[in-house]
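I have placed the structure first, in the form of structure tokens, so that the comments after it can refer back to it.
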Amino acid sequence: MTQRIPVVEKILSANDRLALENQACFDAAGVLALNFMASPGAGKTSLIEQTVKGLRGHLRLGMINGDIATSMDADRAQAAGATAIQINTGGDCHLDAVMVQTAIAQLDLTVLDLVIIENVGNLVCPAEFKLGTHKSVLVASIPEGDDKPYKYPGMYRGVNALVINKIDLLPYVPFRMDFFKQGIQVLNPGVTQFAVSCRTGEGISSWLEWLQKEIKEFKKG
Amino acid sequence: MHELSVTESILEIAIRHAQAQKAGNITDLYLVIGQWSSVVDDSVQFYWDIISEGTIAKGAKLHFRRVITELICQDCGRGYQPGSENMNCPQCGGTNVKIKTGEEFFLEAIDVEE
């Protein structure tokens, strides 16, 4: 006899549960956690370097870097002055809550104000896996093209802030800012946006101001 | 690309629910996957055949119900499917929209044998 059992359970519910545990760790330590996502080469690590430099002396920053291989990104963050833990996913295309849990155990959260988790460069999978961060930030970049919101709606939908990097290249590549922003308006209306160039430093101060404001509000509870 | 971990989750959820009902074998799984969820049926099936081996779900059939993305314009009420190069409302051109369907990703039910 065959019997039908109703389940109705989200496939990634186990990951979601672990993500909540991670978030509880950050909350208990009073540390704001951010999930940085982007395609490879958009400038996640460059933005992190600018952030570490800009906040040095004001805020204590910890980094968790996810990559398929190498510790180059953690090394760059460390060189800029952050405490950094590298996770090598060994082929996985995204970080998940378990990997982050392992990394948290290696960080002394009590001496930090902010933890940035740099996800694997990919616009598809990281959007599906919660990590336990308080906010997600998407780093987009001009040379990627203006059609990305339309091609990767899941990623553009779920983020709290969007940093548009490499604006110094706008005169050299075809990029319809109106078209790009129209897609964002549909998917994620009112999302906080920053236009920056990590190379020239343009726009970085607004990003740092926002970040400091977020940390202050978070600490107030 | 992350279908292995997804498939492992599907197996874990199915077995947990089957065992809670003291069922013998799982014969069918009914999955609901929205168009905007980035999951590939064929890859899940590929991993399923490997990882379900040796479990009470071995050989169970996976049924995929795909849900297309539908948006609702909050200004004029029009429901529509987004175009690939234009997601604005086709009726009023508005961008104030809600996503009605397309982001589902869950296991709806399983069939078990006693």
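Here's how to read the names in the structure tokens: chain A, B, ... by the order shown, residue numbers from 1 in each chain, ligand numbers from 1 in the order shown.
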
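All of the residues in chain B within 6 Å of chain A are Ser9, Ile10, Thr95, Phe106, Leu107, Glu108, Ala109, Ile110, Asp111, Val112 and Glu113 of chain B, where only C-alpha atoms were counted.
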
Practice task
Name all residues at most 6 Å from Glu118 (chain A) (count only C-alpha atoms; drop same-chain ones fewer than 2 positions away) and give them as number ranges by chain.
Solution key: A: 36, 65-66

Given the selection you just returned, output its residues as a file containing N, CA and C atoms, formatted as a compact mmCIF listing (two decimals), in the first residue's frame.
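The result, written out as again.txt:
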# COMPACT_ATOMS: atom_id res chain seq x y z
N PHE A 36 29.38 39.46 1.38
CA PHE A 36 29.76 40.12 0.13
C PHE A 36 29.65 39.14 -1.02
N ASN A 65 37.13 34.69 4.07
CA ASN A 65 37.22 34.69 2.61
C ASN A 65 36.93 33.30 2.07
N GLY A 66 35.98 33.22 1.17
CA GLY A 66 35.68 31.94 0.54
C GLY A 66 36.20 31.91 -0.88

Problem - Contact residues around Tyr47 (chain B) with only C-alpha atoms at 9 Å, ignoring same-chain residues under 3 positions, as number ranges by chain - result: B: 3-4, 7-8, 42-44, 50-52

For the selection just defined, write its residues with N, CA and C atoms to a file, as an mmCIF file, in the first residue's frame.
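Saved to result28.cif:
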data_model
loop_
_atom_site.group_PDB
_atom_site.id
_atom_site.type_symbol
_atom_site.label_atom_id
_atom_site.label_comp_id
_atom_site.auth_asym_id
_atom_site.auth_seq_id
_atom_site.Cartn_x
_atom_site.Cartn_y
_atom_site.Cartn_z
ATOM 1 N N GLU B 3 24.134 21.318 -6.896
ATOM 2 C CA GLU B 3 23.075 20.315 -6.798
ATOM 3 C C GLU B 3 23.401 19.161 -5.872
ATOM 4 N N LEU B 4 24.700 18.894 -5.625
ATOM 5 C CA LEU B 4 25.015 17.800 -4.703
ATOM 6 C C LEU B 4 24.486 18.119 -3.301
ATOM 7 N N THR B 7 20.759 17.980 -3.267
ATOM 8 C CA THR B 7 20.225 16.618 -3.319
ATOM 9 C C THR B 7 20.373 15.924 -1.967
ATOM 10 N N GLU B 8 21.476 16.196 -1.285
ATOM 11 C CA GLU B 8 21.664 15.631 0.060
ATOM 12 C C GLU B 8 20.572 16.126 1.006
ATOM 13 N N ASP B 42 18.176 17.760 -14.089
ATOM 14 C CA ASP B 42 19.002 16.635 -14.518
ATOM 15 C C ASP B 42 20.150 16.372 -13.552
ATOM 16 N N SER B 43 20.735 17.451 -13.016
ATOM 17 C CA SER B 43 21.847 17.267 -12.082
ATOM 18 C C SER B 43 21.353 16.668 -10.786
ATOM 19 N N VAL B 44 20.181 17.122 -10.319
ATOM 20 C CA VAL B 44 19.629 16.563 -9.080
ATOM 21 C C VAL B 44 19.377 15.068 -9.286
ATOM 22 N N ILE B 50 22.926 8.322 -7.234
ATOM 23 C CA ILE B 50 24.131 7.892 -6.510
ATOM 24 C C ILE B 50 23.900 7.913 -4.996
ATOM 25 N N ILE B 51 23.400 9.030 -4.482
ATOM 26 C CA ILE B 51 23.371 9.152 -3.010
ATOM 27 C C ILE B 51 22.192 8.434 -2.363
ATOM 28 N N SER B 52 21.145 8.094 -3.136
ATOM 29 C CA SER B 52 20.015 7.391 -2.513
ATOM 30 C C SER B 52 20.310 5.887 -2.378
#

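Straight-line separation from CA of Ile48 (chain A) to CA of Thr83 (chain A): 12.0 Å.
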
Exercise for the section: Mind checking which residues fall within 9 Å of Trp36 (chain B), counting only C-alpha atoms, ignoring those fewer than 4 positions away in the same chain, and posting them as a ChimeraX atom specification? Expected result: /A:152-154 /B:67-69,101-104

Exercise for the section: Could you give me the residues within region 114-187 of chain A that DSSP places in strand (DSSP E or B), as a ChimeraX atom specification? Expected result: /A:114-118,135-141,161-165

Export C-alpha atoms of the chosen residues as a PDB file, in the first residue's frame?
ATOM      1  CA  LEU A 114      32.449  44.018  11.868  1.00  0.00           C
ATOM      2  CA  VAL A 115      32.876  40.720  10.033  1.00  0.00           C
ATOM      3  CA  ILE A 116      32.811  40.676   6.243  1.00  0.00           C
ATOM      4  CA  ILE A 117      32.302  37.293   4.630  1.00  0.00           C
ATOM      5  CA  GLU A 118      33.591  37.303   1.084  1.00  0.00           C
ATOM      6  CA  LYS A 135      23.043  42.124   5.586  1.00  0.00           C
ATOM      7  CA  SER A 136      24.118  41.113   2.112  1.00  0.00           C
ATOM      8  CA  VAL A 137      26.022  43.354  -0.229  1.00  0.00           C
ATOM      9  CA  LEU A 138      26.326  42.794  -3.962  1.00  0.00           C
ATOM     10  CA  VAL A 139      29.339  44.226  -5.748  1.00  0.00           C
ATOM     11  CA  ALA A 140      28.502  44.792  -9.417  1.00  0.00           C
ATOM     12  CA  SER A 141      30.959  46.276 -11.882  1.00  0.00           C
ATOM     13  CA  ALA A 161      23.030  47.099  -0.630  1.00  0.00           C
ATOM     14  CA  LEU A 162      24.495  47.321  -4.104  1.00  0.00           C
ATOM     15  CA  VAL A 163      27.956  48.702  -4.776  1.00  0.00           C
ATOM     16  CA  ILE A 164      28.526  49.503  -8.454  1.00  0.00           C
ATOM     17  CA  ASN A 165      32.288  49.367  -8.881  1.00  0.00           C
TER      18      ASN A 165
END

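Near region 70-83 of chain B, within a cut-off of 8 Å and counting only C-alpha atoms, sit the residues Ile68, Glu85, Asn86, Met87, Asn88, Cys89, Pro90, Gln91, Cys92, Gly94, Thr95, Asn96, Val97, Lys98, Ile99, Lys100, Thr101 and Gly102 of chain B, with same-chain residues fewer than 2 positions away left out.
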
From region 2-87 of chain B, collect each residue whose DSSP state is alpha helix (DSSP H) and return the set as an mmCIF file with C-alpha atoms, in the first residue's frame.
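Saved the output as selection.cif:
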data_model
loop_
_atom_site.group_PDB
_atom_site.id
_atom_site.type_symbol
_atom_site.label_atom_id
_atom_site.label_comp_id
_atom_site.auth_asym_id
_atom_site.auth_seq_id
_atom_site.Cartn_x
_atom_site.Cartn_y
_atom_site.Cartn_z
ATOM 1 C CA GLU B 3 23.075 20.315 -6.798
ATOM 2 C CA LEU B 4 25.015 17.800 -4.703
ATOM 3 C CA SER B 5 24.337 19.635 -1.428
ATOM 4 C CA VAL B 6 20.779 20.306 -2.576
ATOM 5 C CA THR B 7 20.225 16.618 -3.319
ATOM 6 C CA GLU B 8 21.664 15.631 0.060
ATOM 7 C CA SER B 9 19.157 17.954 1.714
ATOM 8 C CA ILE B 10 16.284 16.456 -0.269
ATOM 9 C CA LEU B 11 17.319 12.959 0.850
ATOM 10 C CA GLU B 12 17.664 14.019 4.488
ATOM 11 C CA ILE B 13 14.233 15.692 4.558
ATOM 12 C CA ALA B 14 12.501 12.774 2.811
ATOM 13 C CA ILE B 15 14.006 10.123 5.095
ATOM 14 C CA ARG B 16 13.207 12.147 8.219
ATOM 15 C CA HIS B 17 9.539 12.483 7.231
ATOM 16 C CA ALA B 18 9.278 8.829 6.194
ATOM 17 C CA GLN B 19 10.763 7.625 9.464
ATOM 18 C CA ALA B 20 8.469 9.866 11.477
ATOM 19 C CA ASP B 41 16.597 18.900 -12.637
ATOM 20 C CA ASP B 42 19.002 16.635 -14.518
ATOM 21 C CA SER B 43 21.847 17.267 -12.082
ATOM 22 C CA VAL B 44 19.629 16.563 -9.080
ATOM 23 C CA GLN B 45 18.522 13.329 -10.752
ATOM 24 C CA PHE B 46 22.153 12.405 -11.459
ATOM 25 C CA TYR B 47 23.222 12.874 -7.827
ATOM 26 C CA TRP B 48 20.015 11.294 -6.549
ATOM 27 C CA ASP B 49 20.748 7.980 -8.250
ATOM 28 C CA ILE B 50 24.131 7.892 -6.510
ATOM 29 C CA ILE B 51 23.371 9.152 -3.010
#

Exercise for the section: Would you kindly return, as a VMD selection string, each protein, DNA or RNA residue with an atom no farther than 9 Å from any atom of Ala57 (chain B), considering only C-alpha atoms and excluding same-chain residues fewer than 2 positions away? Expected result: chain B and resid 11 14 to 15 25 to 28 52 to 55 59 to 61

Practice task
Write out as a list in words each polymer residue whose atoms come within 12 Å of Gly90 (chain A), counting only C-alpha atoms; drop sequence neighbours fewer than 4 positions from it.
Solution key: Gly66, Asp67, Ile68, Ala69, Thr70, Gln86, His94, Leu95, Met99 and Val120 of chain A

Practice task
Tell me, in Å to one decimal, how far CA of Glu202 (chain A) is from CA of Leu169 (chain A).
Solution key: 12.0 Å

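Between CA of Met72 (chain A) and CA of Ile104 (chain A) the interatomic distance comes to 19.4 Å.
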
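Take the candidates A:Ile215, A:Cys198, A:Ala24, A:Ala77 and check each one against Ala42 (chain A) using only C-alpha atoms; the shortest distance goes to A:Cys198.
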